[in-house]
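Pasted below: model04.pdb, PDB, C-alpha atoms.
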```pdb
ATOM      1  CA  MET A   1      -3.613   3.835 -16.666
ATOM      2  CA  SER A   2      -3.596   5.485 -13.276
ATOM      3  CA  ARG A   3      -6.665   7.020 -11.663
ATOM      4  CA  THR A   4      -7.108   8.208  -8.075
ATOM      5  CA  PHE A   5     -10.427   9.224  -6.528
ATOM      6  CA  THR A   6     -11.082  10.707  -3.108
ATOM      7  CA  SER A   7     -14.362  11.182  -1.326
ATOM      8  CA  LYS A   8     -16.281  10.658   1.887
ATOM      9  CA  PRO A   9     -19.772   9.524   0.811
ATOM     10  CA  ILE A  10     -20.546   6.245  -0.922
ATOM     11  CA  SER A  11     -22.024   8.287  -3.790
ATOM     12  CA  PHE A  12     -18.520   8.615  -5.258
ATOM     13  CA  ILE A  13     -18.804   5.113  -6.778
ATOM     14  CA  ASN A  14     -20.636   6.199  -9.955
ATOM     15  CA  PRO A  15     -18.112   8.940 -10.831
ATOM     16  CA  VAL A  16     -15.334   6.391 -10.334
ATOM     17  CA  ILE A  17     -16.922   4.060 -12.857
ATOM     18  CA  ALA A  18     -17.612   6.889 -15.294
ATOM     19  CA  LYS A  19     -13.978   8.040 -15.288
ATOM     20  CA  LEU A  20     -12.406   4.624 -15.730
ATOM     21  CA  ASN A  21     -11.365   3.498 -19.180
ATOM     22  CA  LEU A  22     -10.988  -0.248 -18.785
ATOM     23  CA  GLU A  23     -10.270  -1.072 -22.419
ATOM     24  CA  ASP A  24      -6.982  -2.961 -22.815
ATOM     25  CA  HIS A  25      -6.387  -2.862 -19.048
ATOM     26  CA  ARG A  26      -7.294  -6.388 -18.074
ATOM     27  CA  GLN A  27      -4.221  -6.479 -15.821
ATOM     28  CA  ALA A  28      -5.287  -3.402 -13.844
ATOM     29  CA  PHE A  29      -6.097  -3.506 -10.143
ATOM     30  CA  GLY A  30      -7.460  -1.187  -7.465
ATOM     31  CA  LEU A  31      -6.115   0.039  -4.123
ATOM     32  CA  VAL A  32      -8.588   1.126  -1.446
ATOM     33  CA  ALA A  33      -7.845   2.829   1.881
ATOM     34  CA  ALA A  34     -10.542   4.000   4.278
ATOM     35  CA  SER A  35     -10.844   5.870   7.544
ATOM     36  CA  PRO A  36     -12.234   3.818  10.444
ATOM     37  CA  LYS A  37     -14.972   6.449  10.747
ATOM     38  CA  THR A  38     -16.459   5.542   7.365
ATOM     39  CA  ASP A  39     -18.768   2.706   6.371
ATOM     40  CA  PHE A  40     -15.804   0.974   4.778
ATOM     41  CA  ARG A  41     -17.410  -2.461   4.618
ATOM     42  CA  GLU A  42     -20.217  -1.130   2.423
ATOM     43  CA  THR A  43     -17.727   0.872   0.354
ATOM     44  CA  VAL A  44     -15.497  -2.071  -0.551
ATOM     45  CA  LYS A  45     -18.495  -4.300  -1.228
ATOM     46  CA  THR A  46     -20.022  -1.713  -3.581
ATOM     47  CA  LEU A  47     -16.718  -1.078  -5.365
ATOM     48  CA  ALA A  48     -16.190  -4.785  -5.952
ATOM     49  CA  ALA A  49     -19.742  -5.191  -7.267
ATOM     50  CA  HIS A  50     -19.529  -2.317  -9.754
ATOM     51  CA  VAL A  51     -15.884  -2.089 -10.866
ATOM     52  CA  PRO A  52     -14.694  -5.242 -12.690
ATOM     53  CA  LEU A  53     -11.127  -5.104 -11.382
ATOM     54  CA  PRO A  54      -9.526  -6.941  -8.445
ATOM     55  CA  GLN A  55      -9.093  -4.660  -5.425
ATOM     56  CA  LEU A  56      -7.243  -4.739  -2.115
ATOM     57  CA  GLY A  57      -6.277  -2.449   0.754
ATOM     58  CA  GLY A  58      -7.513  -1.786   4.255
ATOM     59  CA  VAL A  59      -8.491   0.497   7.114
ATOM     60  CA  THR A  60      -5.902   3.115   8.058
ATOM     61  CA  PRO A  61      -5.732   4.439  11.648
ATOM     62  CA  GLY A  62      -5.744   8.024  10.374
ATOM     63  CA  ASN A  63      -7.401   9.362   7.268
ATOM     64  CA  PRO A  64      -5.811   8.217   4.003
ATOM     65  CA  PHE A  65      -4.082  10.931   1.998
ATOM     66  CA  ASP A  66      -3.034  11.757  -1.525
ATOM     67  CA  ALA A  67      -1.106  14.893  -2.468
ATOM     68  CA  SER A  68      -3.898  17.419  -2.081
ATOM     69  CA  GLY A  69      -3.004  18.260   1.504
ATOM     70  CA  GLN A  70      -6.481  17.183   2.612
ATOM     71  CA  PRO A  71      -7.544  14.085   4.576
ATOM     72  CA  PHE A  72     -10.222  11.899   2.995
ATOM     73  CA  GLY A  73     -12.651   9.308   4.274
ATOM     74  CA  THR A  74     -11.895   6.988   1.361
ATOM     75  CA  LEU A  75      -9.044   6.908  -1.134
ATOM     76  CA  VAL A  76      -9.243   4.734  -4.260
ATOM     77  CA  ALA A  77      -6.602   4.247  -6.943
ATOM     78  CA  PHE A  78      -6.800   2.099 -10.066
ATOM     79  CA  LEU A  79      -3.571   1.183 -11.805
ATOM     80  CA  GLY A  80      -2.648  -0.668 -14.935
ATOM     81  CA  LYS A  81       0.124  -0.444 -17.504
ATOM     82  CA  LYS A  82       0.863  -2.267 -20.722
ATOM     83  CA  GLY A  83       3.708  -4.688 -20.193
ATOM     84  CA  VAL A  84       2.969  -5.138 -16.481
ATOM     85  CA  LYS A  85       0.959  -8.121 -15.241
ATOM     86  CA  SER A  86      -0.799  -8.231 -11.873
ATOM     87  CA  ALA A  87      -2.348 -10.871  -9.627
ATOM     88  CA  VAL A  88      -4.394 -10.035  -6.510
ATOM     89  CA  ILE A  89      -4.629 -12.812  -3.904
ATOM     90  CA  HIS A  90      -5.711 -13.045  -0.264
ATOM     91  CA  SER A  91      -4.508 -15.661   2.172
ATOM     92  CA  ASP A  92      -6.087 -18.210   4.433
ATOM     93  CA  PRO A  93      -6.412 -17.147   8.105
ATOM     94  CA  VAL A  94      -3.014 -16.336   9.632
ATOM     95  CA  THR A  95      -1.872 -17.707  12.996
ATOM     96  CA  ALA A  96       1.441 -17.693  14.837
ATOM     97  CA  ASP A  97       2.023 -21.279  13.689
ATOM     98  CA  ASN A  98       1.343 -21.058   9.954
ATOM     99  CA  CYS A  99       3.140 -17.913   8.722
ATOM    100  CA  ASP A 100       5.611 -19.811   6.526
ATOM    101  CA  ALA A 101       2.865 -21.945   4.999
ATOM    102  CA  VAL A 102       0.633 -18.918   4.347
ATOM    103  CA  ALA A 103       3.480 -16.951   2.759
ATOM    104  CA  ALA A 104       4.562 -19.873   0.566
ATOM    105  CA  ASP A 105       0.969 -20.441  -0.572
ATOM    106  CA  LEU A 106       0.480 -16.743  -1.396
ATOM    107  CA  HIS A 107       3.659 -16.653  -3.457
ATOM    108  CA  ALA A 108       2.850 -19.898  -5.263
ATOM    109  CA  ARG A 109      -0.675 -18.792  -6.181
ATOM    110  CA  CYS A 110       0.604 -15.404  -7.374
ATOM    111  CA  ALA A 111       3.218 -17.101  -9.574
ATOM    112  CA  GLU A 112       0.602 -19.458 -10.995
ATOM    113  CA  LYS A 113      -1.757 -16.587 -11.780
ATOM    114  CA  LEU A 114       0.992 -14.439 -13.324
ATOM    115  CA  GLY A 115       2.588 -17.277 -15.242
ATOM    116  CA  GLU A 116       5.977 -16.278 -13.851
ATOM    117  CA  ALA A 117       7.675 -15.624 -10.524
ATOM    118  CA  PRO A 118       6.540 -12.246  -9.121
ATOM    119  CA  LYS A 119       9.021  -9.432  -9.597
ATOM    120  CA  PHE A 120       7.399  -7.230  -6.936
ATOM    121  CA  LEU A 121       4.907  -7.853  -4.106
ATOM    122  CA  LEU A 122       2.683  -5.211  -2.499
ATOM    123  CA  ALA A 123       1.306  -6.627   0.756
ATOM    124  CA  PHE A 124      -1.381  -5.607   3.242
ATOM    125  CA  LEU A 125      -1.031  -7.637   6.437
ATOM    126  CA  PRO A 126      -3.386  -8.009   9.408
ATOM    127  CA  ALA A 127      -1.789  -6.368  12.445
ATOM    128  CA  ALA A 128      -3.822  -8.530  14.834
ATOM    129  CA  ALA A 129      -1.990 -11.561  13.434
ATOM    130  CA  PRO A 130       1.792 -11.953  13.976
ATOM    131  CA  ALA A 131       2.532  -9.341  11.311
ATOM    132  CA  SER A 132       6.318  -9.282  11.766
ATOM    133  CA  ALA A 133       6.547 -13.069  11.541
ATOM    134  CA  LEU A 134       4.309 -13.111   8.469
ATOM    135  CA  ALA A 135       6.376 -10.358   6.840
ATOM    136  CA  ASP A 136       9.604 -12.296   7.449
ATOM    137  CA  ALA A 137       7.987 -15.423   5.986
ATOM    138  CA  LEU A 138       6.852 -13.465   2.930
ATOM    139  CA  PHE A 139      10.378 -12.119   2.463
ATOM    140  CA  ARG A 140      11.694 -15.699   2.411
ATOM    141  CA  ALA A 141       8.977 -16.902   0.051
ATOM    142  CA  ALA A 142       9.609 -14.002  -2.352
ATOM    143  CA  GLY A 143      13.021 -15.420  -3.192
ATOM    144  CA  GLY A 144      14.740 -12.061  -3.445
ATOM    145  CA  ALA A 145      11.881 -10.148  -5.102
ATOM    146  CA  PRO A 146      11.167  -6.842  -3.346
ATOM    147  CA  VAL A 147       8.239  -6.728  -0.905
ATOM    148  CA  PHE A 148       6.620  -3.389  -0.036
ATOM    149  CA  GLY A 149       3.601  -2.968   2.208
ATOM    150  CA  CYS A 150       2.217  -2.516   5.683
ATOM    151  CA  ALA A 151       0.269  -4.035   8.556
ATOM    152  CA  LEU A 152      -3.080  -2.396   9.283
ATOM    153  CA  THR A 153      -5.058  -1.964  12.473
ATOM    154  CA  GLY A 154      -8.795  -1.415  12.540
ATOM    155  CA  PRO A 155     -11.346   1.042  13.890
ATOM    156  CA  GLU A 156     -11.081   0.755  17.674
ATOM    157  CA  ALA A 157      -7.332   0.509  18.069
ATOM    158  CA  GLY A 158      -6.723   2.938  15.230
ATOM    159  CA  ALA A 159      -9.134   5.663  16.311
ATOM    160  CA  GLU A 160      -7.311   8.783  17.416
ATOM    161  CA  GLY A 161      -6.969   8.636  21.179
ATOM    162  CA  GLY A 162      -8.915   5.371  21.219
ATOM    163  CA  GLU A 163      -8.480   2.383  23.489
ATOM    164  CA  GLY A 164      -9.635  -1.199  23.214
ATOM    165  CA  ALA A 165      -8.951  -4.419  21.377
ATOM    166  CA  ALA A 166      -7.655  -4.198  17.851
ATOM    167  CA  GLU A 167     -10.014  -4.997  15.011
ATOM    168  CA  THR A 168      -8.042  -5.385  11.833
ATOM    169  CA  ALA A 169      -9.567  -4.771   8.428
ATOM    170  CA  VAL A 170      -7.730  -5.897   5.302
ATOM    171  CA  PHE A 171      -9.742  -5.585   2.087
ATOM    172  CA  SER A 172      -9.731  -8.059  -0.769
ATOM    173  CA  GLY A 173     -12.365  -8.918  -3.335
ATOM    174  CA  GLY A 174     -15.072  -6.826  -1.677
ATOM    175  CA  GLU A 175     -14.595  -8.500   1.705
ATOM    176  CA  CYS A 176     -13.016  -7.326   4.972
ATOM    177  CA  PHE A 177     -10.793  -9.659   6.966
ATOM    178  CA  ALA A 178      -9.446  -9.588  10.504
ATOM    179  CA  ASP A 179      -6.904 -12.378  10.053
ATOM    180  CA  ARG A 180      -5.949 -12.593   6.365
ATOM    181  CA  ALA A 181      -3.289 -10.930   4.261
ATOM    182  CA  ALA A 182      -3.868  -9.532   0.772
ATOM    183  CA  VAL A 183      -1.155  -9.063  -1.839
ATOM    184  CA  VAL A 184      -0.848  -7.863  -5.398
ATOM    185  CA  ALA A 185       2.020  -9.432  -7.304
ATOM    186  CA  LEU A 186       3.455  -7.703 -10.359
ATOM    187  CA  GLY A 187       5.264  -9.315 -13.265
ATOM    188  CA  GLY A 188       6.584  -8.161 -16.592
ATOM    189  CA  ASP A 189       8.322  -4.806 -16.999
ATOM    190  CA  VAL A 190       8.230  -3.453 -13.442
ATOM    191  CA  ARG A 191      11.179  -1.568 -11.929
ATOM    192  CA  PRO A 192      10.174   0.019  -8.607
ATOM    193  CA  VAL A 193      12.164   2.466  -6.492
ATOM    194  CA  PHE A 194      12.052   2.395  -2.670
ATOM    195  CA  ALA A 195      12.985   4.775   0.138
ATOM    196  CA  VAL A 196      12.763   4.813   3.953
ATOM    197  CA  GLY A 197      12.756   7.725   6.387
ATOM    198  CA  GLY A 198      12.939   7.293  10.148
ATOM    199  CA  GLY A 199      13.490   9.400  13.243
ATOM    200  CA  ALA A 200      11.536  11.592  15.632
ATOM    201  CA  ASP A 201      11.566  14.678  13.384
ATOM    202  CA  LEU A 202       8.620  14.117  11.020
ATOM    203  CA  ALA A 203       9.566  16.774   8.485
ATOM    204  CA  ALA A 204      13.243  15.785   8.349
ATOM    205  CA  SER A 205      12.509  12.070   7.978
ATOM    206  CA  THR A 206       9.878  12.666   5.287
ATOM    207  CA  ASN A 207      12.195  14.970   3.343
ATOM    208  CA  ALA A 208      15.056  12.474   3.621
ATOM    209  CA  CYS A 209      12.778   9.739   2.316
ATOM    210  CA  LEU A 210      11.616  11.922  -0.567
ATOM    211  CA  THR A 211      15.162  12.922  -1.486
ATOM    212  CA  ALA A 212      16.245   9.285  -1.681
ATOM    213  CA  LEU A 213      13.138   8.393  -3.697
ATOM    214  CA  LYS A 214      13.646  11.204  -6.205
ATOM    215  CA  GLU A 215      17.302  10.291  -6.678
ATOM    216  CA  GLY A 216      16.369   6.684  -7.388
ATOM    217  CA  MET A 217      13.596   7.746  -9.755
ATOM    218  CA  ALA A 218      15.881  10.116 -11.649
ATOM    219  CA  ALA A 219      18.401   7.333 -12.259
ATOM    220  CA  LYS A 220      15.727   5.041 -13.724
ATOM    221  CA  VAL A 221      14.082   7.810 -15.756
ATOM    222  CA  ARG A 222      17.437   8.171 -17.524
ATOM    223  CA  ASP A 223      17.073   4.481 -18.412
ATOM    224  CA  GLY A 224      13.630   5.092 -19.917
ATOM    225  CA  VAL A 225      11.410   4.129 -16.960
ATOM    226  CA  ARG A 226       8.139   6.080 -16.567
ATOM    227  CA  PHE A 227       6.560   6.247 -13.119
ATOM    228  CA  ASP A 228       2.776   6.364 -12.627
ATOM    229  CA  MET A 229       2.249   5.990  -8.871
ATOM    230  CA  ILE A 230       3.939   6.750  -5.568
ATOM    231  CA  LEU A 231       2.834   4.878  -2.452
ATOM    232  CA  ALA A 232       3.587   6.362   0.973
ATOM    233  CA  PHE A 233       2.975   4.359   4.161
ATOM    234  CA  SER A 234       3.560   6.225   7.419
ATOM    235  CA  HIS A 235       3.514   4.727  10.906
ATOM    236  CA  GLU A 236       0.419   5.486  13.020
ATOM    237  CA  ALA A 237       2.623   7.043  15.734
ATOM    238  CA  ARG A 238       3.548   9.709  13.197
ATOM    239  CA  PHE A 239      -0.144  10.425  12.655
ATOM    240  CA  ARG A 240      -0.573  11.070  16.385
ATOM    241  CA  ALA A 241       2.588  13.184  16.558
ATOM    242  CA  ARG A 242       1.990  15.376  13.532
ATOM    243  CA  ALA A 243      -0.593  17.568  15.282
ATOM    244  CA  ARG A 244       2.132  18.616  17.730
ATOM    245  CA  GLU A 245       4.528  19.426  14.903
ATOM    246  CA  ASP A 246       2.005  21.101  12.567
ATOM    247  CA  PHE A 247       3.130  18.829   9.741
ATOM    248  CA  THR A 248       1.462  16.531   7.226
ATOM    249  CA  GLU A 249       3.051  14.090   4.803
ATOM    250  CA  ALA A 250       0.503  15.037   2.144
ATOM    251  CA  ASP A 251       1.638  18.668   2.050
ATOM    252  CA  THR A 252       5.227  17.554   1.499
ATOM    253  CA  LEU A 253       4.237  15.107  -1.241
ATOM    254  CA  GLU A 254       2.293  17.849  -2.989
ATOM    255  CA  ALA A 255       5.182  20.303  -2.812
ATOM    256  CA  GLU A 256       8.020  17.976  -3.765
ATOM    257  CA  LEU A 257       6.670  15.496  -6.321
ATOM    258  CA  PRO A 258       5.507  15.956  -9.924
ATOM    259  CA  GLU A 259       1.799  16.663 -10.172
ATOM    260  CA  GLU A 260       1.272  14.129 -12.968
ATOM    261  CA  ILE A 261       2.352  11.203 -10.747
ATOM    262  CA  ARG A 262      -0.476   9.836  -8.592
ATOM    263  CA  LYS A 263       0.026   9.539  -4.842
ATOM    264  CA  PHE A 264      -1.598   7.096  -2.442
ATOM    265  CA  GLY A 265      -0.863   7.291   1.276
ATOM    266  CA  LEU A 266      -2.047   5.747   4.509
ATOM    267  CA  PHE A 267      -1.011   5.160   8.122
ATOM    268  CA  ALA A 268      -0.025   1.734   9.382
ATOM    269  CA  ALA A 269       1.131  -0.289  12.377
ATOM    270  CA  LEU A 270       4.189  -1.724  10.583
ATOM    271  CA  GLU A 271       5.949  -0.780   7.377
ATOM    272  CA  LEU A 272       7.594  -3.148   4.878
ATOM    273  CA  CYS A 273      10.179  -1.683   2.515
ATOM    274  CA  PRO A 274      13.429  -2.900   0.962
ATOM    275  CA  VAL A 275      16.706  -1.276   1.976
ATOM    276  CA  PRO A 276      20.097  -1.485   0.231
ATOM    277  CA  GLY A 277      21.980  -4.646   1.159
ATOM    278  CA  GLU A 278      25.715  -5.053   1.594
ATOM    279  CA  ASP A 279      25.953  -6.238  -2.008
ATOM    280  CA  GLY A 280      24.069  -3.171  -3.236
ATOM    281  CA  GLN A 281      20.934  -5.181  -4.002
ATOM    282  CA  PRO A 282      17.617  -4.469  -2.216
ATOM    283  CA  ARG A 283      17.074  -6.411   1.015
ATOM    284  CA  ASN A 284      13.525  -6.757   2.354
ATOM    285  CA  ALA A 285      13.000  -5.343   5.843
ATOM    286  CA  CYS A 286      10.355  -4.355   8.406
ATOM    287  CA  HIS A 287      10.336  -0.877   9.929
ATOM    288  CA  GLY A 288       8.662   0.818  12.872
ATOM    289  CA  GLU A 289       7.651   4.465  13.326
ATOM    290  CA  ALA A 290       8.998   5.228   9.857
ATOM    291  CA  ILE A 291       7.694   6.505   6.555
ATOM    292  CA  VAL A 292       8.331   4.324   3.503
ATOM    293  CA  MET A 293       7.747   5.150  -0.150
ATOM    294  CA  CYS A 294       7.634   3.237  -3.407
ATOM    295  CA  ALA A 295       7.505   4.616  -6.949
ATOM    296  CA  PHE A 296       6.498   2.310  -9.794
TER
END
```

How would this structure read if it were set down as structure tokens?
Amino acid sequence: MSRTFTSKPISFINPVIAKLNLEDHRQAFGLVAASPKTDFRETVKTLAAHVPLPQLGGVTPGNPFDASGQPFGTLVAFLGKKGVKSAVIHSDPVTADNCDAVAADLHARCAEKLGEAPKFLLAFLPAAAPASALADALFRAAGGAPVFGCALTGPEAGAEGGEGAAETAVFSGGECFADRAAVVALGGDVRPVFAVGGGADLAASTNACLTALKEGMAAKVRDGVRFDMILAFSHEARFRARAREDFTEADTLEAELPEEIRKFGLFAALELCPVPGEDGQPRNACHGEAIVMCAF
């Protein structure tokens, strides 16, 4: 199951519920991204109260995007697939001194909930906390499993042209947090593909990222893998720069990727995405001012 819904007003909740078919999808989960200009706290609270699936996500400095070429106030995706297990967990408050303990606890609770070591972690980190240190700790705790995700800044710091102290908003379980991380761990038959694009030229870096992603997807499709969702996390500096270059990531996603595969995109302060290691195996890494993509 894969469903994506986009809207600005809170009235979109009822259509979301009406379209969902939750039968036999007890392992499904929801992703939520919201513009800082929306009433995102009320949105995530209402979603959690009315949709009986675990949900996570956060506030994106620019509007979230899918593949329609249009910005949206709120972007919601629900995913579930037979043979894939999921566990959504949020952490205790993160400080500079407890990143390793927080990461180890997240991983342990995910493994306990899944009944196996996670094969893939999708993480939303609080940018106001030491996001890079927490990401590195999560990489160590994952024990070689790929970690994909981002660090998110909140309304004031993320507003276009805005100044002021950062207010981070990570969503989990209908709540918004300034200092906690949220992750979804996947187990079972999950074989994701990752790609990274960096550089000052937005179009060139996005196209390079897409080319690498499509090549990786094609190789796994030949092995019988079916992809349902593509995540795209782009650095907030790219959001500010794209007006000068008359370019949007969403337009490129729409033009280059199959229509039947759902897309979920947002802007972030830090991007987490595996890169090929010297031994050919994925190596977890943090990126800055890049666009990262994951197909699964």

Shell of 7 Å around Pro274 in chain A, only C-alpha atoms, local chain residues under 6 positions omitted, as a count of residues only
8

Nearest to Ala129 in chain A: which of A:Ala87, A:Phe40, A:Ala178, A:Cys110 is it, counting only C-alpha atoms?
A:Ala178

Which residue is closest to Ser86 in chain A? Choose from A:Pro61, A:Gly149, A:Ala185, A:Ala128 and count all atoms listed in the file.
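Of the candidates, the smallest distance to Ser86 in chain A is held by A:Ala185.
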
Between CA of Pro64 in chain A and CA of Ala96 in chain A, what is the distance, to one decimal in Å?
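So the two atoms, CA of Pro64 in chain A and CA of Ala96 in chain A, lie 29.0 Å apart.
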
Kindly list the centre and edge lengths in Å, rounded to one decimal, for the axis-aligned box that covers all listed atoms of range 193-208 of chain A plus 3 Å on each of its six sides, as lines of an AutoDock Vina configuration file.
```
center_x = 11.8
center_y = 9.6
center_z = 4.6
size_x = 12.4
size_y = 20.4
size_z = 28.1
```

Using the chain letters and residue numbers of this document, give as an NGL selection string the residues selected by the PyMOL selection byres ((chain A and resi 212) around 12).
:A and (193-197 or 205-211 or 213-219 or 275-276 or 292-295)

For Met229 in chain A, which residue out of A:Glu256, A:Asp189, A:Glu278, A:Asp66 is the nearest one, using only C-alpha atoms?
A:Asp66

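Separating CA of Gly115 in chain A from CA of Gly83 in chain A is a distance of 13.6 Å.
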
Select, from A:Ala203, A:Val59, A:Ala108, A:Leu114, the residue with the minimum atom-to-atom distance to Val84 in chain A, counting all atoms listed in the file.
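When distances to Val84 in chain A are compared using all atoms listed in the file, the smallest one comes from A:Leu114.
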